[in-house]
Amino acid sequence: MSKNLSILSAKVKESLSQSIEELKQFCRIPSISAQNNSIGEAVQFLQEKITSIGGSVRVLDEVTGGFPVLYVHFEPGEKGNSNKTLLFYNHYDVQPPEPLHEWESDPFDVTERDGKLFARGIADNKGDLMARLTAIELLQKQDGGLPCHIKFLLEGEEEIGSPNLPYYLEKYSDLFKADACIWEHADRDEKNRVNLMAGVKGMAYFELTVETADMDLHSKTGPLAENAAWRLTHALASMKNSKHEILVKGFYDHILPPTEIELNYVKKMPFDEESFRENYGLKHPLITNYSGQDPREAYILNPTMTICGIQSGYYGDGSKTVLPKKALAKLDCRLVPGQDPEHIHQVISDHLHKHGFSDVSVKLLSGVKAYRSDLSDPFVSLMVRTAEVVYKCDVVLSPNNAGTGPMTDFGHNLKLPIVSTGVGWAQSKLHAPNESIRITDYEEGILHIAHVLNEFGK
């Protein structure tokens, strides 16, 4: 570690307790977008924090029924590079905490146990956001001040699908213009390797419904009346076989094949099947066993079709002999570059009609396209290089996250390289009870962002 980085590391240690205290204050605000809970309080907290460390905040709140987007700007110091701008994307909303009985402590009162901090939103995404603001606060005090222009886009609707983000990015693209972007979060894996991601999968999320009668019937009518639950499960089964092959004609249309550099990065990614199975408690073999495909390629490069939930008839205690009149399923398709949610909607509708299920309605609830940065961009290399220096461990770069986020809106409107990094760990339990980060990861995350900013500004 260089002398300058050692000095910076010492400053991070000195500021750590104060930063954690402010993180605790932030996490106490139950800013649940799905419930329109405490959004204004979270915005006020961020405004006060950002202005206190020399930043300016502009609240963009012109979409009726939406939650504010915050434009944040920090000017470079007297020795900073005024020709370089780094943008951060984060969100201040969190998931609901339910089921509450599975939490070992109050989800909105940060609890420290065994070197970890537990609270709803602490990993997704408040810990990352506060680590970044802490890094900026430290750099403000260094000789020469901040090394470049720094911007943030902070939104309060990420956990409900970012429905209004495209509007703000299109209207204010000049405001958010930058040379590169650091995305909201990432984590260490089960082997403690640091993960960086340069893209995301897209998603098309559907609701499928079918009604077969005006009322629930006695199950004795089973020899005569169509059962909505059976009809929907047959419709779903027609789209994917027992080998997990998606059978919808046109589903794979327009997919862009991975580039050679993307494929090389995927092949270099570590994957331990035994650890993966143990981590999630899997009861069956990996489904890639059917195709013989490399699990790493399938995880990063393949689109998916997943039944997220099914509802029909009676599922309470005891027995009730009922033939359901209606059945509903939630279905998500993770998409890769080239796929379009509207096209997936159309081909699924066409498939059901062709196979005799035209009475099954298919509603597209939300859709977002996939995005991958150009892995040959110097900013991608900078992120990997600085992570290796700070974390002193293996750093794994993936062409994209297997999950989804609104990254494509940034790539389309702002046309810049994007890389995810963050303070999470393999057991952060995003969206689940007992969400957590480790204090050591938080400390190193602050240092990494500070180091990135200094290197980026050169």
# chains A, B, ... in the order shown; residues from 1 in each chain; ligands from 1

call {"tool": "select_by_dssp", "arguments": {"residues": "range 228-354 of chain A", "states": "alpha helix (DSSP H)", "output": "PDB file with C-alpha atoms, in the first residue's frame"}}
result
ATOM      1  CA  ALA A 228     -58.820 -22.872 -12.967  1.00  0.00           C
ATOM      2  CA  ALA A 229     -55.781 -24.033 -11.001  1.00  0.00           C
ATOM      3  CA  TRP A 230     -55.202 -27.002 -13.285  1.00  0.00           C
ATOM      4  CA  ARG A 231     -55.781 -24.911 -16.374  1.00  0.00           C
ATOM      5  CA  LEU A 232     -53.201 -22.333 -15.342  1.00  0.00           C
ATOM      6  CA  THR A 233     -50.617 -24.935 -14.359  1.00  0.00           C
ATOM      7  CA  HIS A 234     -51.094 -26.670 -17.712  1.00  0.00           C
ATOM      8  CA  ALA A 235     -50.622 -23.314 -19.457  1.00  0.00           C
ATOM      9  CA  LEU A 236     -47.457 -22.640 -17.469  1.00  0.00           C
ATOM     10  CA  ALA A 237     -46.138 -26.146 -18.110  1.00  0.00           C
ATOM     11  CA  GLU A 260     -15.034 -12.463 -26.827  1.00  0.00           C
ATOM     12  CA  ILE A 261     -13.899 -10.300 -23.901  1.00  0.00           C
ATOM     13  CA  GLU A 262     -17.239 -10.872 -22.092  1.00  0.00           C
ATOM     14  CA  LEU A 263     -16.972 -14.617 -22.606  1.00  0.00           C
ATOM     15  CA  ASN A 264     -13.401 -14.629 -21.342  1.00  0.00           C
ATOM     16  CA  TYR A 265     -14.396 -12.828 -18.145  1.00  0.00           C
ATOM     17  CA  VAL A 266     -17.260 -15.269 -17.577  1.00  0.00           C
ATOM     18  CA  LYS A 267     -14.940 -18.260 -18.019  1.00  0.00           C
ATOM     19  CA  LYS A 268     -12.540 -16.776 -15.453  1.00  0.00           C
ATOM     20  CA  GLU A 273     -21.100 -25.967  -7.088  1.00  0.00           C
ATOM     21  CA  GLU A 274     -20.904 -27.566  -3.649  1.00  0.00           C
ATOM     22  CA  SER A 275     -20.680 -24.192  -1.907  1.00  0.00           C
ATOM     23  CA  PHE A 276     -23.492 -22.809  -4.045  1.00  0.00           C
ATOM     24  CA  ARG A 277     -25.754 -25.749  -3.199  1.00  0.00           C
ATOM     25  CA  GLU A 278     -24.887 -25.558   0.495  1.00  0.00           C
ATOM     26  CA  ASN A 279     -25.326 -21.772   0.687  1.00  0.00           C
ATOM     27  CA  TYR A 280     -28.901 -21.984  -0.601  1.00  0.00           C
ATOM     28  CA  THR A 288     -27.479 -27.032 -16.007  1.00  0.00           C
ATOM     29  CA  ASN A 289     -26.886 -30.771 -15.522  1.00  0.00           C
ATOM     30  CA  TYR A 290     -29.593 -31.335 -18.147  1.00  0.00           C
ATOM     31  CA  SER A 291     -27.894 -29.217 -20.806  1.00  0.00           C
ATOM     32  CA  PRO A 295     -23.032 -22.949 -14.809  1.00  0.00           C
ATOM     33  CA  ARG A 296     -21.098 -19.667 -14.998  1.00  0.00           C
ATOM     34  CA  GLU A 297     -22.232 -19.043 -18.561  1.00  0.00           C
ATOM     35  CA  ALA A 298     -25.822 -19.964 -17.727  1.00  0.00           C
ATOM     36  CA  TYR A 299     -25.911 -17.710 -14.667  1.00  0.00           C
ATOM     37  CA  ILE A 300     -24.542 -14.626 -16.402  1.00  0.00           C
ATOM     38  CA  LEU A 301     -25.504 -15.031 -20.059  1.00  0.00           C
ATOM     39  CA  PRO A 341     -39.901  -6.890 -22.580  1.00  0.00           C
ATOM     40  CA  GLU A 342     -42.681  -5.967 -25.022  1.00  0.00           C
ATOM     41  CA  HIS A 343     -41.514  -8.640 -27.461  1.00  0.00           C
ATOM     42  CA  ILE A 344     -41.433 -11.237 -24.677  1.00  0.00           C
ATOM     43  CA  HIS A 345     -44.981 -10.193 -23.747  1.00  0.00           C
ATOM     44  CA  GLN A 346     -46.101 -10.713 -27.333  1.00  0.00           C
ATOM     45  CA  VAL A 347     -44.469 -14.124 -27.846  1.00  0.00           C
ATOM     46  CA  ILE A 348     -45.843 -15.479 -24.546  1.00  0.00           C
ATOM     47  CA  SER A 349     -49.339 -14.303 -25.509  1.00  0.00           C
ATOM     48  CA  ASP A 350     -48.951 -15.861 -28.961  1.00  0.00           C
ATOM     49  CA  HIS A 351     -47.699 -19.125 -27.443  1.00  0.00           C
ATOM     50  CA  LEU A 352     -50.671 -19.454 -25.094  1.00  0.00           C
ATOM     51  CA  HIS A 353     -53.129 -18.694 -27.893  1.00  0.00           C
ATOM     52  CA  LYS A 354     -51.473 -21.247 -30.210  1.00  0.00           C
TER      53      LYS A 354
END

call {"tool": "closest_atom_pairs", "arguments": {"of": "range 125-235 of chain A", "to": "range 407-413 of chain A", "cutoff": "12 Å", "atoms": "only C-alpha atoms", "output": "JSON lines"}}
result
{"residue": "A:Leu153", "atom": "CA", "partner": "A:Phe410", "partner_atom": "CA", "distance": 10.3}
{"residue": "A:Glu158", "atom": "CA", "partner": "A:Met407", "partner_atom": "CA", "distance": 11.0}
{"residue": "A:Gly161", "atom": "CA", "partner": "A:Met407", "partner_atom": "CA", "distance": 11.6}
{"residue": "A:Ser162", "atom": "CA", "partner": "A:Asp409", "partner_atom": "CA", "distance": 10.1}
{"residue": "A:Pro163", "atom": "CA", "partner": "A:Asp409", "partner_atom": "CA", "distance": 11.1}
{"residue": "A:Asn164", "atom": "CA", "partner": "A:Asp409", "partner_atom": "CA", "distance": 10.7}
{"residue": "A:Leu165", "atom": "CA", "partner": "A:Asp409", "partner_atom": "CA", "distance": 7.7}
{"residue": "A:Pro166", "atom": "CA", "partner": "A:Asp409", "partner_atom": "CA", "distance": 5.9}
{"residue": "A:Tyr167", "atom": "CA", "partner": "A:Asp409", "partner_atom": "CA", "distance": 9.5}
{"residue": "A:Tyr168", "atom": "CA", "partner": "A:Asp409", "partner_atom": "CA", "distance": 9.9}
{"residue": "A:Leu169", "atom": "CA", "partner": "A:Asn413", "partner_atom": "CA", "distance": 6.5}
{"residue": "A:Glu170", "atom": "CA", "partner": "A:Asn413", "partner_atom": "CA", "distance": 6.2}
{"residue": "A:Lys171", "atom": "CA", "partner": "A:Asn413", "partner_atom": "CA", "distance": 9.5}
{"residue": "A:Tyr172", "atom": "CA", "partner": "A:Asn413", "partner_atom": "CA", "distance": 9.4}
{"residue": "A:Ser173", "atom": "CA", "partner": "A:Asn413", "partner_atom": "CA", "distance": 6.4}
{"residue": "A:Asp174", "atom": "CA", "partner": "A:Asn413", "partner_atom": "CA", "distance": 9.4}
{"residue": "A:Leu175", "atom": "CA", "partner": "A:Asn413", "partner_atom": "CA", "distance": 11.4}
{"residue": "A:Phe176", "atom": "CA", "partner": "A:Phe410", "partner_atom": "CA", "distance": 9.3}
{"residue": "A:Lys177", "atom": "CA", "partner": "A:Asn413", "partner_atom": "CA", "distance": 9.0}
{"residue": "A:Ala178", "atom": "CA", "partner": "A:Phe410", "partner_atom": "CA", "distance": 10.5}
{"residue": "A:Asp179", "atom": "CA", "partner": "A:Gly411", "partner_atom": "CA", "distance": 11.5}
{"residue": "A:Ala180", "atom": "CA", "partner": "A:Gly411", "partner_atom": "CA", "distance": 10.1}
{"residue": "A:Cys181", "atom": "CA", "partner": "A:Phe410", "partner_atom": "CA", "distance": 8.8}
{"residue": "A:Ile182", "atom": "CA", "partner": "A:Met407", "partner_atom": "CA", "distance": 10.5}
{"residue": "A:Trp183", "atom": "CA", "partner": "A:Met407", "partner_atom": "CA", "distance": 8.1}
{"residue": "A:Glu184", "atom": "CA", "partner": "A:Met407", "partner_atom": "CA", "distance": 9.8}
{"residue": "A:Met197", "atom": "CA", "partner": "A:Met407", "partner_atom": "CA", "distance": 11.4}
{"residue": "A:Ala198", "atom": "CA", "partner": "A:Met407", "partner_atom": "CA", "distance": 9.7}
{"residue": "A:Gly199", "atom": "CA", "partner": "A:Met407", "partner_atom": "CA", "distance": 7.1}
{"residue": "A:Val200", "atom": "CA", "partner": "A:Met407", "partner_atom": "CA", "distance": 6.8}
{"residue": "A:Lys201", "atom": "CA", "partner": "A:Met407", "partner_atom": "CA", "distance": 9.1}
{"residue": "A:Gly202", "atom": "CA", "partner": "A:Thr408", "partner_atom": "CA", "distance": 8.2}
{"residue": "A:Met203", "atom": "CA", "partner": "A:Thr408", "partner_atom": "CA", "distance": 11.1}

call {"tool": "residues_around", "arguments": {"residues": "His448 in chain A", "least_positions_apart": "2", "cutoff": "8 Å", "atoms": "only C-alpha atoms", "output": "PyMOL selection string"}}
result
chain A and resi 386-387+390-391+444-446+450-452

call {"tool": "closest_residue", "arguments": {"among": "A:Leu447, A:Val72, A:Val389, A:Met269", "to": "Ile150 in chain A", "atoms": "only C-alpha atoms"}}
result
A:Val72

call {"tool": "residues_around", "arguments": {"residues": "Ser381 in chain A", "least_positions_apart": "3", "cutoff": "12 Å", "atoms": "only C-alpha atoms", "output": "PyMOL selection string"}}
result
chain A and resi 196-198+373-378+384-388+395-397+417-419+452+455-456

call {"tool": "residues_around", "arguments": {"residues": "Ile122 in chain A", "least_positions_apart": "6", "cutoff": "12 Å", "atoms": "only C-alpha atoms", "output": "number ranges by chain"}}
result
A: 20, 22-31, 91-95, 97, 107-112, 116, 128-131, 185, 422-425, 428-439, 442

call {"tool": "write_last_selection", "arguments": {"atoms": "C-alpha atoms", "output": "JSON list (two decimals), in the first residue's frame"}}
result
[["chain", "number", "residue", "atom", "x", "y", "z"],
["A", 20, "ILE", "CA", -21.52, 4.22, 11.46],
["A", 22, "GLU", "CA", -24.81, 8.43, 10.85],
["A", 23, "LEU", "CA", -25.59, 5.18, 9.02],
["A", 24, "LYS", "CA", -27.63, 4.08, 12.03],
["A", 25, "GLN", "CA", -29.59, 7.34, 11.91],
["A", 26, "PHE", "CA", -30.30, 6.82, 8.21],
["A", 27, "CYS", "CA", -31.43, 3.21, 8.73],
["A", 28, "ARG", "CA", -33.84, 4.25, 11.48],
["A", 29, "ILE", "CA", -35.89, 5.99, 8.79],
["A", 30, "PRO", "CA", -38.30, 3.33, 7.41],
["A", 31, "SER", "CA", -38.27, 4.72, 3.87],
["A", 91, "HIS", "CA", -31.42, 4.76, -3.86],
["A", 92, "TYR", "CA", -32.78, 5.74, -0.47],
["A", 93, "ASP", "CA", -35.87, 3.52, -0.44],
["A", 94, "VAL", "CA", -35.91, 0.05, 1.14],
["A", 95, "GLN", "CA", -37.95, -3.12, 1.04],
["A", 97, "PRO", "CA", -39.28, -5.74, 6.58],
["A", 107, "PRO", "CA", -35.34, -4.06, 11.54],
["A", 108, "PHE", "CA", -35.22, -0.27, 11.85],
["A", 109, "ASP", "CA", -32.95, -0.06, 14.88],
["A", 110, "VAL", "CA", -29.42, -0.99, 13.81],
["A", 111, "THR", "CA", -28.04, -3.79, 15.97],
["A", 112, "GLU", "CA", -24.38, -4.80, 16.15],
["A", 116, "LYS", "CA", -21.93, -7.07, 11.78],
["A", 128, "ASP", "CA", -23.17, 1.86, 0.19],
["A", 129, "LEU", "CA", -24.56, 5.37, 0.00],
["A", 130, "MET", "CA", -23.18, 6.40, 3.39],
["A", 131, "ALA", "CA", -19.80, 4.82, 2.61],
["A", 185, "HIS", "CA", -24.03, -2.04, -4.70],
["A", 422, "GLY", "CA", -20.30, -2.17, -2.64],
["A", 423, "VAL", "CA", -20.05, -3.14, 1.01],
["A", 424, "GLY", "CA", -22.21, -6.28, 1.09],
["A", 425, "TRP", "CA", -21.15, -9.86, 1.80],
["A", 428, "SER", "CA", -26.15, -9.84, 3.53],
["A", 429, "LYS", "CA", -29.66, -11.26, 2.93],
["A", 430, "LEU", "CA", -30.93, -8.50, 0.69],
["A", 431, "HIS", "CA", -34.74, -8.22, 0.86],
["A", 432, "ALA", "CA", -34.82, -10.86, 3.63],
["A", 433, "PRO", "CA", -34.99, -10.72, 7.44],
["A", 434, "ASN", "CA", -31.72, -10.01, 9.29],
["A", 435, "GLU", "CA", -30.18, -8.00, 6.46],
["A", 436, "SER", "CA", -26.61, -7.07, 7.34],
["A", 437, "ILE", "CA", -23.19, -5.77, 6.42],
["A", 438, "ARG", "CA", -19.85, -6.45, 8.09],
["A", 439, "ILE", "CA", -18.09, -3.48, 9.68],
["A", 442, "TYR", "CA", -17.91, -1.03, 5.32]]

call {"tool": "residues_around", "arguments": {"residues": "Val336 in chain A", "least_positions_apart": "6", "cutoff": "10 Å", "atoms": "only C-alpha atoms", "output": "JSON, numbers by chain"}}
result
{"A": [200, 201, 202, 203, 252, 254, 255, 256, 257, 258, 300, 301, 302, 303, 304, 369, 370, 371, 372, 400, 402]}

call {"tool": "closest_residue", "arguments": {"among": "A:Asp294, A:Glu443, A:Asp216, A:Glu207", "to": "Leu365 in chain A", "atoms": "only C-alpha atoms"}}
result
A:Glu207

call {"tool": "select_by_dssp", "arguments": {"residues": "range 84-330 of chain A", "states": "strand (DSSP E)", "output": "number ranges by chain"}}
result
A: 84-91, 111-113, 116-118, 148-155, 180-183, 194-197, 199-211, 217-218, 306-312, 322-323, 326-330

call {"tool": "write_last_selection", "arguments": {"atoms": "C-alpha atoms", "output": "PDB file, in the first residue's frame"}}
result
ATOM      1  CA  LYS A  84     -13.537  14.721 -15.138  1.00  0.00           C
ATOM      2  CA  THR A  85     -16.926  13.824 -13.639  1.00  0.00           C
ATOM      3  CA  LEU A  86     -17.852  10.638 -11.780  1.00  0.00           C
ATOM      4  CA  LEU A  87     -21.520   9.818 -11.223  1.00  0.00           C
ATOM      5  CA  PHE A  88     -22.893   7.602  -8.459  1.00  0.00           C
ATOM      6  CA  TYR A  89     -26.272   5.910  -8.585  1.00  0.00           C
ATOM      7  CA  ASN A  90     -27.915   4.985  -5.285  1.00  0.00           C
ATOM      8  CA  HIS A  91     -31.419   4.756  -3.858  1.00  0.00           C
ATOM      9  CA  THR A 111     -28.044  -3.787  15.974  1.00  0.00           C
ATOM     10  CA  GLU A 112     -24.384  -4.805  16.151  1.00  0.00           C
ATOM     11  CA  ARG A 113     -23.587  -8.501  16.602  1.00  0.00           C
ATOM     12  CA  LYS A 116     -21.933  -7.070  11.777  1.00  0.00           C
ATOM     13  CA  LEU A 117     -24.631  -4.405  11.569  1.00  0.00           C
ATOM     14  CA  PHE A 118     -28.221  -5.600  11.111  1.00  0.00           C
ATOM     15  CA  CYS A 148     -12.909  15.758  -9.736  1.00  0.00           C
ATOM     16  CA  HIS A 149     -16.561  16.664 -10.180  1.00  0.00           C
ATOM     17  CA  ILE A 150     -18.779  14.208  -8.298  1.00  0.00           C
ATOM     18  CA  LYS A 151     -22.475  13.738  -8.974  1.00  0.00           C
ATOM     19  CA  PHE A 152     -25.142  11.515  -7.477  1.00  0.00           C
ATOM     20  CA  LEU A 153     -28.524  10.431  -8.724  1.00  0.00           C
ATOM     21  CA  LEU A 154     -30.469   9.323  -5.662  1.00  0.00           C
ATOM     22  CA  GLU A 155     -33.923   7.899  -6.219  1.00  0.00           C
ATOM     23  CA  ALA A 180     -18.354   7.127 -15.813  1.00  0.00           C
ATOM     24  CA  CYS A 181     -20.743   5.761 -13.194  1.00  0.00           C
ATOM     25  CA  ILE A 182     -20.449   3.632 -10.058  1.00  0.00           C
ATOM     26  CA  TRP A 183     -23.611   1.628  -9.509  1.00  0.00           C
ATOM     27  CA  VAL A 194     -14.765  -9.019  -4.087  1.00  0.00           C
ATOM     28  CA  ASN A 195     -17.326  -8.884  -6.891  1.00  0.00           C
ATOM     29  CA  LEU A 196     -17.585  -6.091  -9.444  1.00  0.00           C
ATOM     30  CA  MET A 197     -20.289  -6.073 -12.116  1.00  0.00           C
ATOM     31  CA  GLY A 199     -24.035  -4.604 -16.242  1.00  0.00           C
ATOM     32  CA  VAL A 200     -27.386  -6.113 -15.299  1.00  0.00           C
ATOM     33  CA  LYS A 201     -29.910  -8.472 -16.779  1.00  0.00           C
ATOM     34  CA  GLY A 202     -33.224  -7.033 -17.849  1.00  0.00           C
ATOM     35  CA  MET A 203     -36.627  -8.275 -16.741  1.00  0.00           C
ATOM     36  CA  ALA A 204     -40.183  -8.697 -17.903  1.00  0.00           C
ATOM     37  CA  TYR A 205     -42.570  -9.311 -15.002  1.00  0.00           C
ATOM     38  CA  PHE A 206     -46.010 -10.732 -15.763  1.00  0.00           C
ATOM     39  CA  GLU A 207     -49.281 -11.565 -14.115  1.00  0.00           C
ATOM     40  CA  LEU A 208     -51.172 -14.499 -15.650  1.00  0.00           C
ATOM     41  CA  THR A 209     -54.817 -15.079 -14.743  1.00  0.00           C
ATOM     42  CA  VAL A 210     -57.583 -17.417 -15.834  1.00  0.00           C
ATOM     43  CA  GLU A 211     -61.225 -17.729 -14.761  1.00  0.00           C
ATOM     44  CA  LEU A 217     -67.528 -24.943  -7.084  1.00  0.00           C
ATOM     45  CA  HIS A 218     -67.822 -28.030  -4.925  1.00  0.00           C
ATOM     46  CA  THR A 306     -39.414 -18.166 -13.320  1.00  0.00           C
ATOM     47  CA  ILE A 307     -42.772 -18.805 -11.652  1.00  0.00           C
ATOM     48  CA  CYS A 308     -42.610 -16.460  -8.656  1.00  0.00           C
ATOM     49  CA  GLY A 309     -45.933 -17.425  -7.104  1.00  0.00           C
ATOM     50  CA  ILE A 310     -49.278 -19.117  -7.723  1.00  0.00           C
ATOM     51  CA  GLN A 311     -52.594 -18.378  -6.025  1.00  0.00           C
ATOM     52  CA  SER A 312     -55.857 -20.260  -6.377  1.00  0.00           C
ATOM     53  CA  VAL A 322     -63.333 -26.666  -3.587  1.00  0.00           C
ATOM     54  CA  LEU A 323     -62.883 -26.409  -7.336  1.00  0.00           C
ATOM     55  CA  LYS A 326     -59.835 -18.401 -10.694  1.00  0.00           C
ATOM     56  CA  ALA A 327     -56.078 -18.865 -10.671  1.00  0.00           C
ATOM     57  CA  LEU A 328     -53.276 -16.310 -10.773  1.00  0.00           C
ATOM     58  CA  ALA A 329     -49.534 -16.633 -11.273  1.00  0.00           C
ATOM     59  CA  LYS A 330     -46.624 -14.185 -11.141  1.00  0.00           C
TER      60      LYS A 330
END

call {"tool": "closest_residue", "arguments": {"among": "A:Gly281, A:Pro324, A:Gly292, A:Gly55", "to": "Glu226 in chain A", "atoms": "only C-alpha atoms"}}
result
A:Pro324

call {"tool": "closest_residue", "arguments": {"among": "A:Glu159, A:Glu14, A:Glu21, A:Asp61", "to": "Gly127 in chain A", "atoms": "only C-alpha atoms"}}
result
A:Glu21

call {"tool": "closest_residue", "arguments": {"among": "A:Leu453, A:Leu331, A:Leu247, A:Leu416", "to": "His355 in chain A", "atoms": "only C-alpha atoms"}}
result
A:Leu247

call {"tool": "decode", "arguments": {"residues": "range 425-440 of chain A", "atoms": "N, CA and C atoms", "output": "compact mmCIF listing (two decimals), in the first residue's frame"}}
result
# COMPACT_ATOMS: atom_id res chain seq x y z
N TRP A 425 -21.88 -8.59 1.72
CA TRP A 425 -21.15 -9.86 1.80
C TRP A 425 -22.11 -10.98 1.41
N ALA A 426 -21.60 -12.20 1.38
CA ALA A 426 -22.39 -13.32 0.85
C ALA A 426 -23.66 -13.57 1.63
N GLN A 427 -23.68 -13.20 2.91
CA GLN A 427 -24.86 -13.42 3.75
C GLN A 427 -25.55 -12.10 4.11
N SER A 428 -25.49 -11.12 3.24
CA SER A 428 -26.15 -9.84 3.53
C SER A 428 -27.67 -9.96 3.57
N LYS A 429 -28.21 -10.98 2.91
CA LYS A 429 -29.66 -11.26 2.93
C LYS A 429 -30.48 -10.06 2.47
N LEU A 430 -30.16 -9.58 1.27
CA LEU A 430 -30.93 -8.50 0.69
C LEU A 430 -32.39 -8.90 0.56
N HIS A 431 -33.29 -8.04 0.95
CA HIS A 431 -34.74 -8.22 0.86
C HIS A 431 -35.27 -9.25 1.86
N ALA A 432 -34.40 -9.82 2.68
CA ALA A 432 -34.82 -10.86 3.63
C ALA A 432 -34.65 -10.37 5.06
N PRO A 433 -35.23 -11.07 6.04
CA PRO A 433 -34.99 -10.72 7.44
C PRO A 433 -33.51 -10.83 7.79
N ASN A 434 -33.09 -10.02 8.77
CA ASN A 434 -31.72 -10.01 9.29
C ASN A 434 -30.70 -9.58 8.23
N GLU A 435 -31.09 -8.61 7.42
CA GLU A 435 -30.18 -8.00 6.46
C GLU A 435 -28.98 -7.39 7.19
N SER A 436 -27.79 -7.53 6.60
CA SER A 436 -26.61 -7.07 7.34
C SER A 436 -25.45 -6.70 6.43
N ILE A 437 -24.51 -5.97 7.01
CA ILE A 437 -23.19 -5.77 6.42
C ILE A 437 -22.17 -6.03 7.53
N ARG A 438 -20.94 -6.30 7.12
CA ARG A 438 -19.85 -6.45 8.09
C ARG A 438 -19.11 -5.11 8.22
N ILE A 439 -18.74 -4.77 9.43
CA ILE A 439 -18.09 -3.48 9.68
C ILE A 439 -16.78 -3.38 8.91
N THR A 440 -16.03 -4.47 8.82
CA THR A 440 -14.76 -4.43 8.09
C THR A 440 -15.00 -4.14 6.60
